[in-house]
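Novice: Could you have a look at this structure, given as structure tokens, before my questions?
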Amino acid sequence: MSVAVLPSTLTVALVGNPNTGKSTLFTALAGVRQRIGNYPGVTVEKKIGHLRHNDRKWALVDLPGTYSLSPHSLDEMVVVDVLLGRRDDVPSCDAIICIVDASNLERNLYLVNQVLELGLPTVVALNMIDIAEARGQKIDIARLSSRLGIPVVPIQANKHRGLADLKAALERAINLGAPSPDSPFPVEFRNEVAALREVLVPAAGYGIPHGQMLRVVPRYIVERLLLDTTGYLEQSGLVSTAADGSDDKNQLHTYLVAARARLAAAGCQVPAIEAIARYAWAGRMLDGVISQPSQRRETTSDKLDRFLTHRLWGTVTFAAVMFVLFSSIFIVARPLMNLLDGGADALAGFTKSHMAEGALRSLLVDGIIAGAGSVIVFLPQILILFMFIAILEDCGYMARAAYLMDKLMVRVGLSGKSFIPLLSSFACAIPGIMATRVIENRRDRLTTILVAPLMSCSARLPVYTLLIGAFIPAGKYAAGFLPLQGLTLFCMYLVGVVAAVIVALVLKRTLLRGETPPFVMELPPYKIPSPRLVLERMFDRGWAFICRAGTLIVAVAIIVWALLYYPHDSAAVQESVAQERTALAAQIDRLPADDARRPLLASALARYDDPAQQAQLLAGAYQRQSILGHLGRFIEPAVRPLGWDWRVGCAAIASFPAREVVLGTLGVIYNLGDVDLKQSEGQTQLQSQLRAAVWDDSSRPVFTIPMALGLMVFFALCAQCAATLVVIKRETQTWRWPIFTFAYMTVLAYVGALATYQIGTWLAG
Amino acid sequence: MTTLVQLAVGACGKIVNVRGEDQISSRLLEMGLTPGALVQLLGTAPLGDPIELSIRGYRLSIRRSEAARVEIELQA
């Protein structure tokens with residue numbers, strides 16, 4: 001017997017059902033030394049932690065919680081691939097820890113049975129024994145261990161108990177080698193598997209050695225080929241029936257169909273036979289191992305559920321919880337955001353006063369500091385939302401929320417789990433989109449991500465407030481009692497929601513067409529959320545945002561700065577300012593002598609002659625002479641049908657990277673000077689300017705009510721937030737979807753604004 | 001054929017068969033809704049959908065459309 005050369009690092013995979021305390025165990029074992037990334041091409045997160053035990057290094061691979069190893073999608077296939085050692089970016093597993101919920105043994109053993117068939121040294125970590133005991137269940141651990149043929153170690157992950165025993169058991173298991181469990185399947189099935197294995201040829205580099213140099217497909221994969229009627233594995237090209245791998249997918253398919261028919265005739269209907277066989281095995285394993293009271297004891301969790309999933313009280317509580325979540329993001333985050341904003345402003349001011357004017361200073365202040373500031377300012381909202389989500393998930397309420405909302409969401413083409421991400425998007429789409437991770441199903445998740453930006457976020461509110469304040473009369477009531485201003489605001493939010501519903505339904509029928517995914521969802525018992533876990537999740541998400549999305553957002557901010565700064569030709573700008581003065585004077589002359597707008601335009605003209613205002617005028621002119629400004633003039637023909645002139649076009653384009661700058665941009669364009677638009681006085685000034693604005697070639701006002709409404713609709717439906725697009729890229733792992741989102745929303749916004757303006761003008765005329 | 005949809009709140013049934021061969025039926029089976037297992041209807045969501053079941057000692061919620069595939073035998 002040769003002495004096996006042990007690898008210097010042992011790779012251990014951690015698998016288990018969701019809600020078994022797997023993350024807690026992972027953190028308890030690997031501490032904070034984790035490397036988190038993504039498996040390329042899929043949205044499965046790669047989590048690898050490291051620890052030392054008895055002078056050996058271990059790499060712990062945390063695989064996503066799953067109820068079964070049968071792969072129905074690319075994401076699930078990744079888990080199987082990691083376990084089979086097929087992935088290049090993860091070393092082959094030397095052992096597996098399967099974490100099991102003691103209060104739910106039957107169902108958890110289903111996965112254990114599948115894991116045993118992989119043929120790797122395995123240890124079962126039995127968690128949550130306290131919950132089982134609260135139910136009156138007693139488990140004979142020694143007997144279970146001997147029945148399973150592998151070590152079963154009791155642990156309490158949240159109290160870090162049993163970890164030393166677990167590590168010791170794992171080492172023993174590795175030294176003992178892989179278990180060779182009996183197959184739970186009936187003999188007819190086993191025979192089919194053996195027969196199929198004979199004719200299969202593994203793809204290059206895939207098979208396992210068998211006898212002398214003959215490579216065969218692992219038994220586990222052969223079984224899965226027979227069992228997976230969705231055909232995912234069949235199509236994957238891993239196996240074929242011809243030695244030269246020539247196209248014979250048809251041959252394989254025909255064989256499988258025939259084999260399944262034979263099995264059905266023999267009473268082993270696929271896919272039911274897997275569940276029947278494995279659960280029967282689980283029953284045999286647990287016979288005499290668990291003793292439980294004949295009547296299931298009602299636990300505190302059950303009592304809570306009677307209230308929380310009650311038709312009336314459940315809904316009321318749900319509304320209250322959602323209200324608290326939403327208000328916190330809106331209200332609590334606000335002062336923190338103002339603090340961060342203030343800090344960024346202070347830094348910008350400091351830089352401005354200590355540097356000579358020029359391109360570099362502008363880059364630092366308006367590009368980098370502004371960009372970095374815009375990233376950091378999202379942090380409070382992200383941290384607060386993820387704190388709530390972590391609490392709700394950990395205590396078990398998240399599943400109830402999805403359960404209560406599912407019917408409503410299905411009607412609009414989404415799923416119950418989409419509710420919280422979409423609700424959060426009313427405050428800010430960025431944490432909302434990041435929160436779609438809770439949606440396991442890929443199609444549902446993608447649909448939710450794509451419509452989240454349509455929820456009118458808090459950055460749109462200043463635009464609505466400004467325009468409504470300027471153009472919708474206050475103190476007027478629709479139907480006698482609904483304040484017109486409030487109603488208009490509500491309608492703008494409604495526009496977003498209605499558009500989202502339509503887009504979701506259309507997506508589900510076209511691009512994202514497919515089978516309705518199963519809703520089948522466990523409602524885990526309630527528990528008190530662990531503060532440590534909540535904090536970890538919070539900071540994990542926040543940090544991930546800063547690192548991955550943040551850098552990209554700053555890069556975009558710098559590009560936009562460049563577009564707004566260059567060419568910075570001072571001669572051309574001086575000339576442009578002179579031209580503007582002339583044009584403004586001509587405009588005033590065209591107005592009738594008693595026109596109300598005269599005094600306002602006259603004071604605007606006076607500013608051109610006031611030396612103190614020169615800097616502001618030049619600032620505006622520089623912007624208009626910039627690349628972005630020229631773009632605004634260039635697209636004027638395209639935006640005329642919306643009722644916009646080139647100034648509004650400029651403001652709209654400038655706000656594409658971040659819609660909240662539109663107020664500042666409008667201020668600059670209308671030469672407001674050093675006015676603080678965050679204060680109501682500044683806003684009033686801007687509103688007056690907007691009301692007085694006229695077209696360059698006539699005295700018609702630019703801002704009519706239909707045009708203002710159209711502008712608001714544009715802002716409601718347009719994707720004017722580079723940060724959101726960057727986050728979409730990060731969550732979907734491709735640039736395809738952010739580009740699609742940008743494109744469809746811009747089209748929607750244009751059409752919406754066009755329709756509003758044209759129909760409004762026609763109705764008013 | 002009686003299905004889970006016909007089960008009254010609080011009543012129990014024994015599963016006879018799960019119809020279909022797609023992802024939904026696989027999922028139902030994986031989660032323990034296998035022939036021979038006992039299932040109890042615990043309640044329904046406010047709009048009547050989804051429903052909440054007790055199966056193999058834990059709580060599972062599924063949509064009515066999914067429950068319609070599970071054929072059962074009513075138990076006293």
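Letters for chains follow the order of the structure tokens (A, B, ...), residue numbers begin at 1 for each chain, and ligand numbers begin at 1 in the order shown.
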I'd like the neighbourhood of Val70 of chain B as an MDAnalysis selection string, where a residue qualifies if any of its atoms comes within 12 Å (using only C-alpha atoms), though same-chain residues fewer than 2 positions away should be ignored.

Specialist: chainID B and resid 1:7 13:20 24:29 32:39 62:68 72:73

Novice: Taking only C-alpha atoms into account, produce a table as CSV in which each residue of chain A with an atom at most 7 Å from an atom of chain B appears once, together with its shortest atom pair and the distance in Å to one decimal, ordered by chain and rising number.

Specialist:
residue,atom,partner,partner_atom,distance
A:Ser68,CA,B:Glu30,CA,6.8
A:Asn104,CA,B:Gly57,CA,6.4
A:Glu106,CA,B:Arg56,CA,6.7
A:Arg107,CA,B:Gly32,CA,6.5
A:Thr229,CA,B:Glu21,CA,6.6
A:Thr230,CA,B:Asp22,CA,6.3
A:Pro271,CA,B:Ser26,CA,6.6
A:Ala272,CA,B:Leu29,CA,6.6
A:Ala275,CA,B:Leu29,CA,5.6
A:Ile276,CA,B:Thr34,CA,6.0
A:Thr309,CA,B:Ala45,CA,6.8
A:Arg311,CA,B:Pro46,CA,4.3
A:Tyr403,CA,B:Pro50,CA,6.5
A:Leu404,CA,B:Ala45,CA,5.6
A:Lys407,CA,B:Asp49,CA,5.8
A:Pro518,CA,B:Ile24,CA,5.1
A:Phe519,CA,B:Ile62,CA,5.9
A:Val520,CA,B:Ile62,CA,4.6
A:Met521,CA,B:Ser61,CA,5.3
A:Glu522,CA,B:Leu60,CA,4.5
A:Leu523,CA,B:Arg59,CA,5.3
A:Pro524,CA,B:Arg59,CA,6.9

Novice: Smallest atom-to-atom distance to Thr684 of chain A: which of A:Pro181, A:Gly85, A:Gly21, A:Gly469, using only C-alpha atoms?

Specialist: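 Checking each of A:Pro181, A:Gly85, A:Gly21, A:Gly469 against Thr684 of chain A, counting only C-alpha atoms, the winner is A:Gly469.
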
Novice: Report as JSON, numbers by chain all protein, DNA and RNA residues lying within 10 Å of Met77 of chain A, evaluated on only C-alpha atoms, omitting residues in the same chain fewer than 5 positions from it.

Specialist: {"A": [42, 69, 70, 71, 72, 82, 83, 232, 233, 236]}

Novice: Residues near Asp366 of chain A, anyone? I mean within 12 Å using only C-alpha atoms, not counting same-chain ones fewer than 4 positions away, as a compact mmCIF listing (two decimals) with N, CA and C atoms, in the first residue's frame.

Specialist:
# COMPACT_ATOMS: atom_id res chain seq x y z
N ALA A 344 -18.56 66.13 1.09
CA ALA A 344 -18.02 66.21 -0.27
C ALA A 344 -17.90 67.66 -0.69
N ASP A 345 -18.93 68.46 -0.38
CA ASP A 345 -18.90 69.88 -0.73
C ASP A 345 -17.73 70.57 -0.04
N LEU A 347 -14.94 69.27 0.97
CA LEU A 347 -13.70 68.85 0.32
C LEU A 347 -13.50 69.59 -1.00
N ALA A 348 -14.62 69.71 -1.74
CA ALA A 348 -14.56 70.41 -3.02
C ALA A 348 -14.18 71.87 -2.81
N GLY A 349 -14.80 72.49 -1.81
CA GLY A 349 -14.50 73.89 -1.51
C GLY A 349 -13.04 74.08 -1.15
N THR A 351 -10.52 72.18 -1.97
CA THR A 351 -9.67 72.00 -3.15
C THR A 351 -9.71 73.25 -4.03
N LYS A 352 -10.93 73.78 -4.19
CA LYS A 352 -11.08 74.96 -5.04
C LYS A 352 -10.24 76.12 -4.55
N GLY A 358 -8.17 75.79 -13.49
CA GLY A 358 -7.66 75.11 -14.67
C GLY A 358 -8.30 73.75 -14.81
N ALA A 359 -7.86 73.03 -15.82
CA ALA A 359 -8.46 71.74 -16.10
C ALA A 359 -8.29 70.77 -14.94
N LEU A 360 -7.10 70.76 -14.33
CA LEU A 360 -6.84 69.79 -13.26
C LEU A 360 -7.76 70.03 -12.06
N ARG A 361 -7.91 71.30 -11.70
CA ARG A 361 -8.76 71.61 -10.55
C ARG A 361 -10.19 71.19 -10.85
N SER A 362 -10.63 71.50 -12.07
CA SER A 362 -11.99 71.15 -12.44
C SER A 362 -12.18 69.64 -12.42
N ALA A 370 -16.76 64.95 -7.07
CA ALA A 370 -18.20 64.85 -7.27
C ALA A 370 -18.60 63.41 -7.52
N GLY A 371 -17.80 62.71 -8.35
CA GLY A 371 -18.10 61.32 -8.67
C GLY A 371 -18.03 60.43 -7.44
N ALA A 372 -16.91 60.56 -6.70
CA ALA A 372 -16.77 59.74 -5.50
C ALA A 372 -17.87 60.08 -4.50
N GLY A 373 -18.17 61.39 -4.41
CA GLY A 373 -19.25 61.80 -3.51
C GLY A 373 -20.56 61.15 -3.88
N SER A 374 -20.81 61.07 -5.19
CA SER A 374 -22.09 60.50 -5.61
C SER A 374 -22.16 59.01 -5.30
N VAL A 554 -17.33 56.28 -10.62
CA VAL A 554 -16.39 57.41 -10.64
C VAL A 554 -15.82 57.57 -12.05
N ALA A 557 -18.31 59.30 -14.08
CA ALA A 557 -18.39 60.71 -13.68
C ALA A 557 -17.27 61.51 -14.34
N ILE A 558 -16.09 60.91 -14.43
CA ILE A 558 -14.97 61.61 -15.05
C ILE A 558 -15.22 61.82 -16.54
N ILE A 559 -15.78 60.81 -17.18
CA ILE A 559 -16.08 60.96 -18.61
C ILE A 559 -17.10 62.07 -18.82
N VAL A 560 -18.13 62.10 -18.00
CA VAL A 560 -19.15 63.14 -18.13
C VAL A 560 -18.54 64.51 -17.86
N TRP A 561 -17.67 64.58 -16.86
CA TRP A 561 -17.00 65.85 -16.58
C TRP A 561 -16.29 66.35 -17.84
N ALA A 562 -15.57 65.43 -18.49
CA ALA A 562 -14.83 65.80 -19.68
C ALA A 562 -15.77 66.32 -20.76
N LEU A 563 -16.91 65.66 -20.91
CA LEU A 563 -17.84 66.09 -21.93
C LEU A 563 -18.42 67.47 -21.63
N LEU A 564 -18.53 67.80 -20.34
CA LEU A 564 -19.10 69.09 -19.97
C LEU A 564 -18.03 70.19 -19.91
N TYR A 565 -16.79 69.79 -19.85
CA TYR A 565 -15.72 70.78 -19.67
C TYR A 565 -15.11 71.20 -21.01
N VAL A 661 -28.82 66.23 -10.90
CA VAL A 661 -28.09 67.45 -11.27
C VAL A 661 -28.92 68.36 -12.15

Novice: Have a look at A:Leu505, A:Thr741, A:Gln614, A:Leu461 and name the one nearest to Leu489 of chain A; count only C-alpha atoms.

Specialist: A:Leu461

Novice: From the DSSP assignment of the backbone, select every residue of segment 518-675 of chain A that is alpha helix (DSSP H), and format the answer as number ranges by chain.

Specialist: A: 531-544, 551-565, 570-590, 598-609, 614-625, 627-634, 636-639, 646-654, 662-669

Novice: Between A:Leu286, A:Leu467, A:Cys491, A:Leu408, which has the minimum distance to Gln687 of chain A (counting only C-alpha atoms)?

Specialist: A:Leu467

Novice: Determine which residues of segment 210-388 of chain A receive a DSSP assignment of strand (DSSP E), computed from the backbone, and state them as a list in words.

Specialist: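 The strand (DSSP E) subset of segment 210-388 of chain A is His210, Leu214, Arg215, Val216, Val239, Ser240, Ile290 and Ser291 of chain A.
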
Novice: Quick one: write out the picked residues with N, CA and C atoms as a tab-separated table (two decimals), in the first residue's frame?

Specialist:
chain	number	residue	atom	x	y	z
A	210	HIS	N	-11.49	4.01	-14.60
A	210	HIS	CA	-12.21	2.77	-14.30
A	210	HIS	C	-11.37	1.64	-14.84
A	214	LEU	N	-9.54	3.15	-18.77
A	214	LEU	CA	-10.82	3.38	-19.44
A	214	LEU	C	-11.57	4.46	-18.66
A	215	ARG	N	-11.97	5.46	-19.37
A	215	ARG	CA	-12.64	6.51	-18.61
A	215	ARG	C	-14.14	6.35	-18.75
A	216	VAL	N	-14.81	6.34	-17.64
A	216	VAL	CA	-16.27	6.26	-17.68
A	216	VAL	C	-16.88	7.49	-17.04
A	239	VAL	N	-21.59	14.30	-22.25
A	239	VAL	CA	-21.51	12.88	-22.55
A	239	VAL	C	-22.10	12.65	-23.93
A	240	SER	N	-21.71	11.58	-24.54
A	240	SER	CA	-22.31	11.23	-25.83
A	240	SER	C	-22.27	9.72	-25.97
A	290	ILE	N	-35.34	8.94	15.46
A	290	ILE	CA	-36.03	10.08	16.05
A	290	ILE	C	-37.20	9.57	16.86
A	291	SER	N	-37.36	10.14	18.05
A	291	SER	CA	-38.58	9.85	18.77
A	291	SER	C	-39.29	11.18	18.92

Novice: In Å to one decimal, how far is atom CA of Asn113 of chain A from atom CA of Ala168 of chain A?

Specialist: 22.3 Å
